[in-house]
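J.: Sharing upload09.cif below, mmCIF, C-alpha atoms and all ligand atoms:
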```cif
data_model
#
loop_
_atom_site.label_atom_id
_atom_site.label_comp_id
_atom_site.auth_asym_id
_atom_site.auth_seq_id
_atom_site.Cartn_x
_atom_site.Cartn_y
_atom_site.Cartn_z
CA MET A 1 124.04 72.37 120.21
CA TYR A 2 122.40 69.02 120.62
CA GLY A 3 124.39 66.18 119.07
CA GLY A 4 124.68 65.73 115.31
CA GLY A 5 121.03 66.56 114.43
CA PHE A 6 119.59 69.95 115.19
CA ILE A 7 116.76 69.16 117.62
CA PRO A 8 116.30 65.81 119.38
CA GLN A 9 113.05 64.02 118.60
CA GLY A 10 110.75 61.69 120.59
CA ASP A 11 112.22 60.38 123.87
CA LYS A 12 115.41 62.33 123.32
CA HIS A 13 113.27 65.47 123.18
CA LYS A 14 111.65 64.68 126.55
CA ARG A 15 115.03 63.86 128.08
CA ALA A 16 116.54 67.10 126.79
CA ILE A 17 113.88 69.04 128.73
CA GLN A 18 114.23 66.93 131.90
CA ASP A 19 118.04 67.05 131.86
CA GLU A 20 118.20 70.84 131.89
CA ASP A 21 120.77 72.06 134.43
CA PRO A 22 118.65 73.79 137.17
CA GLU A 23 121.37 76.27 138.11
CA LYS A 24 121.95 77.37 134.55
CA LEU A 25 118.21 77.57 134.00
CA ALA A 26 117.77 79.80 137.07
CA ALA A 27 120.58 82.12 135.92
CA PHE A 28 119.07 82.27 132.43
CA GLU A 29 115.62 83.13 133.77
CA ALA A 30 117.05 85.78 136.09
CA CYS A 31 118.76 87.35 133.08
CA ILE A 32 115.46 87.48 131.21
CA GLU A 33 113.71 88.85 134.28
CA ARG A 34 116.24 91.73 134.37
CA GLY A 35 115.32 92.54 130.76
CA GLU A 36 118.72 91.54 129.32
CA LYS A 37 119.02 90.11 125.83
CA ILE A 38 120.07 86.52 125.18
CA GLU A 39 122.72 86.25 122.45
CA PRO A 40 123.55 83.22 120.25
CA THR A 41 126.66 82.20 122.21
CA ASP A 42 124.92 82.42 125.60
CA TRP A 43 123.71 79.29 127.32
CA MET A 44 119.98 78.77 126.74
CA PRO A 45 117.60 75.97 127.69
CA TYR A 46 116.85 73.41 125.03
CA GLU A 47 113.16 74.34 124.97
CA TYR A 48 113.88 78.07 124.53
CA ARG A 49 116.05 77.26 121.50
CA ARG A 50 113.44 74.90 120.07
CA GLN A 51 110.52 77.31 120.50
CA LEU A 52 112.42 80.31 119.19
CA THR A 53 113.60 78.38 116.15
CA ARG A 54 110.03 77.29 115.43
CA MET A 55 108.66 80.78 115.75
CA ILE A 56 111.36 82.68 113.84
CA GLU A 57 111.42 80.06 111.11
CA GLN A 58 107.62 80.23 110.70
CA HIS A 59 107.89 83.99 110.59
CA ALA A 60 110.59 83.83 107.87
CA HIS A 61 108.48 81.41 105.83
CA SER A 62 105.50 83.76 106.20
CA GLU A 63 107.49 86.60 104.67
CA ILE A 64 108.48 84.69 101.53
CA MET A 65 105.03 83.16 101.18
CA GLY A 66 103.52 86.58 101.96
CA ALA A 67 105.16 88.00 98.86
CA LEU A 68 103.10 85.68 96.64
CA PRO A 69 99.46 86.94 96.85
CA GLU A 70 100.46 90.58 96.25
CA GLY A 71 103.19 89.51 93.81
CA THR A 72 100.53 88.21 91.43
CA TRP A 73 99.34 91.83 91.02
CA ILE A 74 102.65 93.39 90.02
CA THR A 75 101.92 92.91 86.32
CA ARG A 76 98.34 94.13 86.76
CA ALA A 77 98.78 97.16 89.02
CA PRO A 78 96.41 99.93 87.90
CA ASN A 79 99.15 102.47 87.15
CA PHE A 80 102.91 102.95 87.06
CA LYS A 81 103.27 104.46 90.56
CA ARG A 82 101.23 101.67 92.15
CA LYS A 83 103.37 99.13 90.29
CA LEU A 84 106.63 100.70 91.55
CA ALA A 85 105.36 100.80 95.14
CA LEU A 86 104.16 97.19 94.96
CA ILE A 87 107.44 95.92 93.50
CA ALA A 88 109.34 97.69 96.30
CA LYS A 89 107.02 96.28 98.97
CA VAL A 90 107.21 92.71 97.70
CA GLN A 91 110.99 92.99 97.51
CA ASP A 92 111.05 94.26 101.12
CA GLU A 93 109.07 91.21 102.27
CA ILE A 94 111.67 88.91 100.73
CA GLY A 95 114.36 90.96 102.49
CA HIS A 96 112.53 90.41 105.78
CA ALA A 97 112.64 86.66 105.17
CA GLN A 98 116.39 86.96 104.58
CA LEU A 99 116.88 88.76 107.93
CA LEU A 100 114.70 86.25 109.76
CA TYR A 101 116.32 83.15 108.26
CA SER A 102 119.67 84.61 109.36
CA ALA A 103 118.30 85.16 112.89
CA ALA A 104 116.97 81.57 112.99
CA GLU A 105 120.32 80.23 111.74
CA THR A 106 122.04 81.71 114.82
CA LEU A 107 120.14 79.05 116.79
CA GLY A 108 121.78 76.28 114.81
CA LYS A 109 119.26 75.17 112.19
CA PRO A 110 120.69 75.36 108.66
CA ARG A 111 118.70 77.39 106.12
CA GLU A 112 118.53 74.47 103.70
CA GLN A 113 116.78 72.39 106.34
CA MET A 114 114.32 75.22 107.03
CA ILE A 115 113.43 75.45 103.33
CA ASN A 116 113.09 71.67 103.10
CA ASP A 117 110.75 71.71 106.11
CA LEU A 118 108.63 74.42 104.47
CA LEU A 119 108.37 72.46 101.22
CA SER A 120 107.55 69.19 102.96
CA GLY A 121 104.82 70.84 105.08
CA LYS A 122 106.68 70.17 108.35
CA SER A 123 107.00 73.90 109.09
CA LYS A 124 104.02 76.21 109.13
CA TYR A 125 103.61 79.74 107.79
CA SER A 126 100.93 82.36 108.33
CA ASN A 127 97.37 81.26 107.48
CA VAL A 128 96.58 84.49 105.63
CA PHE A 129 98.85 83.78 102.69
CA ASN A 130 96.85 80.72 101.71
CA TYR A 131 94.01 82.85 100.36
CA PRO A 132 93.84 84.28 96.83
CA ALA A 133 94.20 87.98 96.00
CA GLU A 134 91.23 88.09 93.64
CA THR A 135 91.06 91.80 92.81
CA TRP A 136 93.20 94.92 93.16
CA ALA A 137 91.22 95.73 96.33
CA ASP A 138 92.75 92.62 97.92
CA VAL A 139 96.16 94.24 97.50
CA ALA A 140 94.89 97.31 99.37
CA VAL A 141 93.45 95.11 102.15
CA ILE A 142 96.67 93.13 102.50
CA GLY A 143 98.85 96.28 102.43
CA PHE A 144 96.68 98.06 104.99
CA LEU A 145 95.16 95.49 107.31
CA ILE A 146 97.55 92.54 107.15
CA ASP A 147 100.57 94.78 107.40
CA ALA A 148 98.86 96.56 110.31
CA ALA A 149 98.22 93.22 112.01
CA ALA A 150 101.85 92.22 111.42
CA ILE A 151 103.05 95.50 112.93
CA VAL A 152 100.96 95.05 116.09
CA ASN A 153 102.49 91.58 116.54
CA GLN A 154 106.05 92.54 115.60
CA LEU A 155 106.26 95.75 117.63
CA ALA A 156 105.44 93.64 120.67
CA ASN A 157 107.88 90.84 119.78
CA ALA A 158 110.63 93.38 119.00
CA LYS A 159 110.92 93.95 122.77
CA GLY A 160 111.55 90.23 123.25
CA SER A 161 114.48 88.50 124.89
CA TYR A 162 116.42 87.04 121.95
CA GLY A 163 118.87 89.66 120.61
CA PRO A 164 119.09 88.67 116.91
CA TYR A 165 115.29 88.35 116.55
CA ALA A 166 114.56 91.59 118.40
CA ARG A 167 117.08 93.51 116.26
CA ALA A 168 115.73 92.04 113.01
CA LEU A 169 112.18 92.98 114.03
CA LYS A 170 113.16 96.57 114.73
CA ARG A 171 114.32 97.02 111.15
CA ILE A 172 111.37 95.04 109.78
CA CYS A 173 108.83 97.17 111.66
CA ALA A 174 110.33 100.36 110.21
CA GLU A 175 109.83 99.00 106.68
CA GLU A 176 106.38 97.61 107.47
CA SER A 177 105.31 101.12 108.50
CA PHE A 178 105.91 102.26 104.89
CA HIS A 179 103.94 99.25 103.63
CA LEU A 180 101.11 100.21 105.90
CA LYS A 181 101.11 103.77 104.55
CA GLN A 182 100.97 102.61 100.95
CA GLY A 183 98.27 100.06 101.79
CA TYR A 184 96.20 102.63 103.67
CA GLU A 185 96.51 105.15 100.84
CA ALA A 186 95.33 102.54 98.30
CA PHE A 187 92.48 101.56 100.68
CA VAL A 188 91.34 105.20 101.12
CA TYR A 189 91.54 105.75 97.36
CA LEU A 190 89.12 102.89 96.69
CA ALA A 191 86.87 103.72 99.66
CA THR A 192 86.42 107.29 98.42
CA GLY A 193 86.16 106.33 94.75
CA SER A 194 83.28 105.23 92.52
CA GLU A 195 80.46 102.89 93.57
CA THR A 196 82.25 100.06 91.78
CA GLN A 197 85.51 100.73 93.59
CA ARG A 198 83.75 100.87 96.98
CA ALA A 199 81.90 97.64 96.26
CA MET A 200 85.14 95.94 95.23
CA LEU A 201 86.81 97.08 98.46
CA GLN A 202 83.89 95.99 100.64
CA ASP A 203 83.92 92.58 98.96
CA ALA A 204 87.66 92.22 99.68
CA VAL A 205 87.18 93.22 103.35
CA ASN A 206 84.36 90.66 103.63
CA ARG A 207 86.55 87.86 102.25
CA TRP A 208 89.64 88.74 104.36
CA TRP A 209 87.81 89.37 107.63
CA LYS A 210 88.03 85.85 109.10
CA PRO A 211 91.60 85.16 107.94
CA ILE A 212 92.63 88.44 109.61
CA ILE A 213 90.99 87.39 112.89
CA HIS A 214 92.83 84.06 112.58
CA PHE A 215 96.14 85.84 111.91
CA PHE A 216 96.79 86.46 115.62
CA GLY A 217 96.50 82.77 116.43
CA PRO A 218 93.87 80.73 118.28
CA PRO A 219 92.07 82.17 121.34
CA ASP A 220 94.33 82.26 124.42
CA LYS A 221 92.57 79.29 125.98
CA GLN A 222 93.52 77.14 122.95
CA SER A 223 97.04 78.53 122.47
CA ILE A 224 99.62 75.80 123.11
CA HIS A 225 102.82 77.83 123.28
CA SER A 226 101.83 81.23 124.70
CA GLU A 227 102.45 80.54 128.38
CA LYS A 228 106.01 79.31 127.92
CA LEU A 229 106.85 81.90 125.28
CA MET A 230 105.56 84.75 127.40
CA LYS A 231 107.41 83.53 130.48
CA TRP A 232 110.67 83.67 128.51
CA LYS A 233 109.73 86.98 126.85
CA VAL A 234 109.78 85.57 123.36
CA LYS A 235 106.17 86.51 122.86
CA MET A 236 105.32 89.81 124.54
CA ALA A 237 101.52 89.75 124.33
CA SER A 238 98.92 87.01 124.15
CA ASN A 239 97.02 86.22 120.94
CA ASP A 240 93.78 87.74 122.27
CA ASP A 241 95.55 90.87 123.52
CA MET A 242 97.18 91.46 120.14
CA ARG A 243 93.90 90.88 118.32
CA ASN A 244 92.14 93.31 120.65
CA GLN A 245 94.85 95.93 120.20
CA PHE A 246 94.54 95.61 116.41
CA PHE A 247 90.77 96.17 116.60
CA ASP A 248 91.24 99.19 118.89
CA GLN A 249 93.68 100.81 116.50
CA TYR A 250 92.26 99.95 113.08
CA ILE A 251 88.48 99.41 113.33
CA PRO A 252 87.82 103.18 113.64
CA LYS A 253 89.91 103.78 110.50
CA ILE A 254 87.84 101.27 108.53
CA LEU A 255 84.49 102.51 109.79
CA GLU A 256 85.21 106.20 109.19
CA LEU A 257 85.55 105.37 105.48
CA GLY A 258 82.04 103.88 105.40
CA ILE A 259 83.32 100.31 105.02
CA THR A 260 81.41 97.87 107.20
CA ILE A 261 82.53 94.86 109.23
CA PRO A 262 80.89 91.65 107.93
CA ASP A 263 79.77 90.42 111.34
CA PRO A 264 76.51 91.64 112.97
CA ASN A 265 77.84 90.59 116.40
CA PHE A 266 81.05 92.58 116.17
CA ARG A 267 81.17 95.25 118.88
CA LYS A 268 83.32 96.58 121.68
CA ASN A 269 82.25 95.58 125.16
CA GLU A 270 82.84 98.89 126.95
CA GLU A 271 82.85 97.20 130.37
CA THR A 272 85.63 94.72 129.62
CA GLY A 273 87.32 96.80 126.91
CA GLU A 274 87.32 93.73 124.69
CA TRP A 275 85.93 93.32 121.20
CA GLU A 276 83.34 90.60 120.73
CA PHE A 277 82.74 88.75 117.48
CA SER A 278 80.98 85.69 116.05
CA ASP A 279 82.85 82.41 115.92
CA PRO A 280 85.31 82.96 113.04
CA ASP A 281 85.34 79.23 112.27
CA TRP A 282 88.47 78.05 114.04
CA ASP A 283 88.13 74.70 112.24
CA GLU A 284 88.87 76.53 109.02
CA PHE A 285 91.95 78.09 110.66
CA TYR A 286 93.32 74.67 111.67
CA ARG A 287 92.58 73.21 108.23
CA VAL A 288 94.43 76.07 106.51
CA ILE A 289 97.52 75.97 108.74
CA ARG A 290 97.73 72.19 108.31
CA GLY A 291 97.93 72.56 104.54
CA ASP A 292 94.33 72.41 103.37
CA GLY A 293 93.51 76.03 102.52
CA PRO A 294 92.40 77.43 99.17
CA CYS A 295 95.95 78.18 97.93
CA ASN A 296 98.32 76.03 100.04
CA ALA A 297 99.22 73.66 97.21
CA GLU A 298 99.71 76.49 94.73
CA ARG A 299 101.91 78.50 97.13
CA ILE A 300 104.15 75.53 97.95
CA ALA A 301 104.41 74.65 94.25
CA VAL A 302 105.67 78.17 93.47
CA ARG A 303 108.30 77.93 96.23
CA ARG A 304 109.36 74.49 95.03
CA TRP A 305 109.74 75.83 91.49
CA ALA A 306 111.83 78.76 92.77
CA GLU A 307 113.98 76.41 94.85
CA GLU A 308 114.67 74.08 91.93
CA HIS A 309 115.24 76.81 89.37
CA GLY A 310 117.44 78.82 91.72
CA GLU A 311 119.76 75.96 92.46
CA TRP A 312 122.34 77.00 89.86
CA VAL A 313 122.56 80.45 91.53
CA ARG A 314 123.18 78.91 94.95
CA THR A 315 125.77 76.56 93.48
CA ALA A 316 127.57 79.42 91.73
CA LEU A 317 127.69 81.47 94.93
CA MET A 318 128.28 78.78 97.56
CA LYS A 319 130.33 76.17 95.70
CA PRO A 320 132.42 78.19 93.23
CA ASP A 321 134.48 75.19 92.09
CA GLU A 322 131.40 73.39 90.73
CA LYS A 323 129.63 73.54 87.38
CA TYR A 324 128.27 77.10 87.35
CA ALA A 325 131.20 78.71 89.08
CA ILE A 326 131.65 82.47 88.67
CA PRO A 327 135.27 83.00 87.62
CA MET A 328 137.10 84.73 90.49
CA ALA A 329 139.59 87.48 89.66
N1 LIG B 1 99.21 81.01 110.93
O1 LIG B 1 100.19 78.17 120.55
P1 LIG B 1 99.85 79.14 119.47
C1 LIG B 1 103.60 89.06 107.89
C2 LIG B 1 99.91 77.84 114.91
S1 LIG B 1 104.43 88.04 108.96
C3 LIG B 1 99.73 79.75 110.95
O2 LIG B 1 99.02 80.32 119.85
P2 LIG B 1 102.23 80.75 119.06
C4 LIG B 1 104.38 90.03 107.08
C5 LIG B 1 101.14 77.82 115.79
O3 LIG B 1 102.32 77.82 115.00
C6 LIG B 1 103.19 86.98 109.62
N2 LIG B 1 99.89 79.04 112.09
O4 LIG B 1 101.19 79.59 118.71
C7 LIG B 1 103.69 90.31 105.80
C8 LIG B 1 100.93 76.53 116.54
O5 LIG B 1 101.23 75.40 115.69
P3 LIG B 1 102.59 74.49 115.92
C9 LIG B 1 103.74 85.96 110.54
C10 LIG B 1 99.53 79.65 113.25
O6 LIG B 1 103.46 80.50 118.31
C11 LIG B 1 102.58 91.15 105.74
C12 LIG B 1 99.43 76.49 116.75
O7 LIG B 1 98.87 77.33 115.73
N3 LIG B 1 104.13 86.54 111.79
O8 LIG B 1 102.43 88.94 107.84
C13 LIG B 1 99.02 80.94 113.29
O9 LIG B 1 102.31 80.92 120.56
C14 LIG B 1 101.94 91.40 104.51
C15 LIG B 1 99.00 76.97 118.12
O10 LIG B 1 99.12 78.39 118.26
C16 LIG B 1 104.83 85.81 112.71
O11 LIG B 1 105.16 84.67 112.46
C17 LIG B 1 98.85 81.63 112.07
N4 LIG B 1 98.34 82.88 111.99
O12 LIG B 1 101.51 82.10 118.53
C18 LIG B 1 104.19 89.74 104.62
C19 LIG B 1 105.23 86.53 113.98
N5 LIG B 1 98.75 81.26 114.58
O13 LIG B 1 103.77 75.38 115.56
C20 LIG B 1 103.55 90.01 103.40
C21 LIG B 1 105.88 85.64 114.99
C22 LIG B 1 99.08 80.17 115.32
O14 LIG B 1 102.60 74.06 117.36
C23 LIG B 1 102.44 90.85 103.34
N6 LIG B 1 104.98 84.66 115.51
N7 LIG B 1 99.54 79.21 114.52
O15 LIG B 1 102.43 73.37 114.95
C24 LIG B 1 104.13 84.85 116.57
O16 LIG B 1 104.05 85.93 117.13
C25 LIG B 1 103.37 83.64 117.06
O17 LIG B 1 103.97 82.49 116.54
C26 LIG B 1 101.85 83.65 116.69
C27 LIG B 1 101.23 82.32 117.16
C28 LIG B 1 101.15 84.81 117.39
C29 LIG B 1 101.64 83.76 115.18
#
```
Please rewrite the model in this file as structure tokens.
Ligand code: FAQ
T.:
Amino acid sequence: MYGGGFIPQGDKHKRAIQDEDPEKLAAFEACIERGEKIEPTDWMPYEYRRQLTRMIEQHAHSEIMGALPEGTWITRAPNFKRKLALIAKVQDEIGHAQLLYSAAETLGKPREQMINDLLSGKSKYSNVFNYPAETWADVAVIGFLIDAAAIVNQLANAKGSYGPYARALKRICAEESFHLKQGYEAFVYLATGSETQRAMLQDAVNRWWKPIIHFFGPPDKQSIHSEKLMKWKVKMASNDDMRNQFFDQYIPKILELGITIPDPNFRKNEETGEWEFSDPDWDEFYRVIRGDGPCNAERIAVRRWAEEHGEWVRTALMKPDEKYAIPMA
């Protein structure tokens, strides 16, 4: 660990990178090269710890924030079975956050600090959860396409070098596969339903299209962290590769249902094997991840409310001798 604080800032940050012991670094990199896992008590370079903490923490935040758009539909689900499935899914997402916060804590950053950084805007979370779920079709699009996108990313990262994160992702991916099935079933139901249902689904696909492209991160040439993260096998595929893989797997499933892609330039280049698309407005992506999306303020306000109103529960569990203590037998 680095001194009293968790991660050195400013000059201390630069020094921490420069002062890395070259022998230890070489042994660490050889270990990663051999495909071995790094565990919390192993030596690791300062920058590996810092990057991993950033990424796992952002991922954990995305799971709790990700529960919010779909969560608003629990009381309005169209029937009892859909409501049960949605409640279970939203609960799973919160469970994923729990697993991921625990994995991030093994790197030394206390959970309270992570939550404070989320509420203050210091830590990011996935762009997609800053958009509203306007109709029931949005729930189908999130459950099918955003869960599918998350699976593409997480199946790759699950093979990564940090033991606690890789193990958490394995379990998360298994649960996400059920989410994907329920999302796909709801998507097919609307796509094969009445004219009104199809129109509602097409409208939702149109509105989510760009945020889904953004989900995988900026184009490789603009990605700041990819090179380092891929070298240390934290990230196992580049942003563009993951995006391309998602298109390969899921575009045929959308098209076969007669739903169209809202971009006249979207097509697969058969020579390069890559999908081409119009500029998805990367300025919008950067605005949203920096806090200026359609729902950022609302989402953070909900989390702040939950944090403040849940304080008595945390006190009762963590500090049993204080005001709301649960009497111990
Ligand atoms: N949203 O240098 P890169 C889910 C930021 S879980 C917001 O390319 P990197 C489950 C990035 O942080 C979804 N910010 O970054 C669910 C960096 O800013 P910084 C979350 C983004 O780390 C489903 C800057 O842009 N999954 O959905 C995004 O190499 C349904 C430069 O970017 C994970 O977190 C974005 N989309 O690659 C729940 C998986 N993309 O920090 C409910 C783990 C980039 O320097 C319902 N994370 N940025 O200020 C990753 O795999 C990577 O972090 C990437 C980004 C691929 C997301």
J.: Given a cut-off of 6 Å, what residues near ligand LIG 1 (chain B) show up using all atoms listed in the file, put as JSON, numbers by chain?
T.: {"A": [55, 58, 59, 62, 63, 66, 67, 93, 124, 125, 126, 127, 142, 146, 147, 150, 153, 214, 215, 216, 217, 218, 223, 224, 225, 226, 239, 289]}
J.: Work out how far apart CA of Glu57 (chain A) and CA of Tyr101 (chain A) are and give it in Å to one decimal.
T.: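 The value is 6.5 Å.
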J.: Taking into account all atoms listed in the file, which residue in the set A:Lys233, A:Asp279, A:Thr41, A:Gln91 is nearest to Tyr162 (chain A)?
T.: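 Nearest to Tyr162 (chain A): A:Lys233.
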J.: Considering only C-alpha atoms, can you say which of A:Ile251, A:Leu145, A:Trp136, A:Lys159 comes closest to Thr75 (chain A)?
T.: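 Smallest distance to Thr75 (chain A) is found for A:Trp136.
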J.: From the options A:Phe28, A:Trp232, A:Tyr250, A:Phe129, which residue's atoms come nearest to His61 (chain A), counting all atoms listed in the file?
T.: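 Comparing A:Phe28, A:Trp232, A:Tyr250, A:Phe129 against His61 (chain A), the winner is A:Phe129.
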J.: If I take CA of Pro110 (chain A) and CA of Val234 (chain A), how far is one from the other in Å, to one decimal?
T.: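 Interatomic distance here is 21.0 Å.
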J.: Ranking A:Ala166, A:Glu175, A:Phe246, A:Gly193 by minimum distance to Ile94 (chain A) and counting only C-alpha atoms, which one comes first?
T.: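 The answer is A:Glu175, which sits nearest to Ile94 (chain A).
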J.: When distances are computed from only C-alpha atoms, which of A:Ile74, A:Leu201, A:Val128, A:Ala103 shows the smallest separation from Cys295 (chain A)?
T.: A:Val128
J.: Name the closest residue to Lys83 (chain A) among the candidates A:Leu52, A:Met65, A:Ala186, A:Lys24; distances are taken between atoms, counting all atoms listed in the file.
T.: A:Ala186
J.: Please work out which residues fall within 6 Å of (112.2, 86.9, 111.0), coordinates as given in the file, with only C-alpha atoms counting, and return them as a list in words.
T.: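 Result, sorted by chain then residue number: Ile56, His59, Ala60, Ala97, Leu99 and Leu100 of chain A.
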J.: Do you have the CA of Arg299 (chain A)-CA of Val90 (chain A) distance handy?
T.: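 That distance, rounded to one decimal, is 15.2 Å.
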J.: Please provide as a VMD selection string all residues within 12 Å of Phe247 (chain A), with the sequence filter that same-chain residues fewer than 3 positions apart are discarded (counting all atoms listed in the file).
T.: chain A and resid 145 148 to 149 152 209 212 to 213 216 240 to 244 250 to 255 261 266 to 268 273 to 277
J.: I want to know what sits within 9 Å of Pro294 (chain A), based on only C-alpha atoms, with residues of the same chain fewer than 6 positions away left out; could you give that as a list in words?
T.: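 Listing them by chain and then by number gives Asn130, Tyr131, Pro132 and Val288 of chain A.
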J.: Box in all listed atoms of region 181-192 of chain A, axis-aligned, with 8 Å more on each side; write out centre and edge lengths in Å to one decimal as AutoDock Vina command-line options.
T.:
```
--center_x 93.8 --center_y 103.7 --center_z 100.6 --size_x 30.7 --size_y 23.2 --size_z 23.9
```
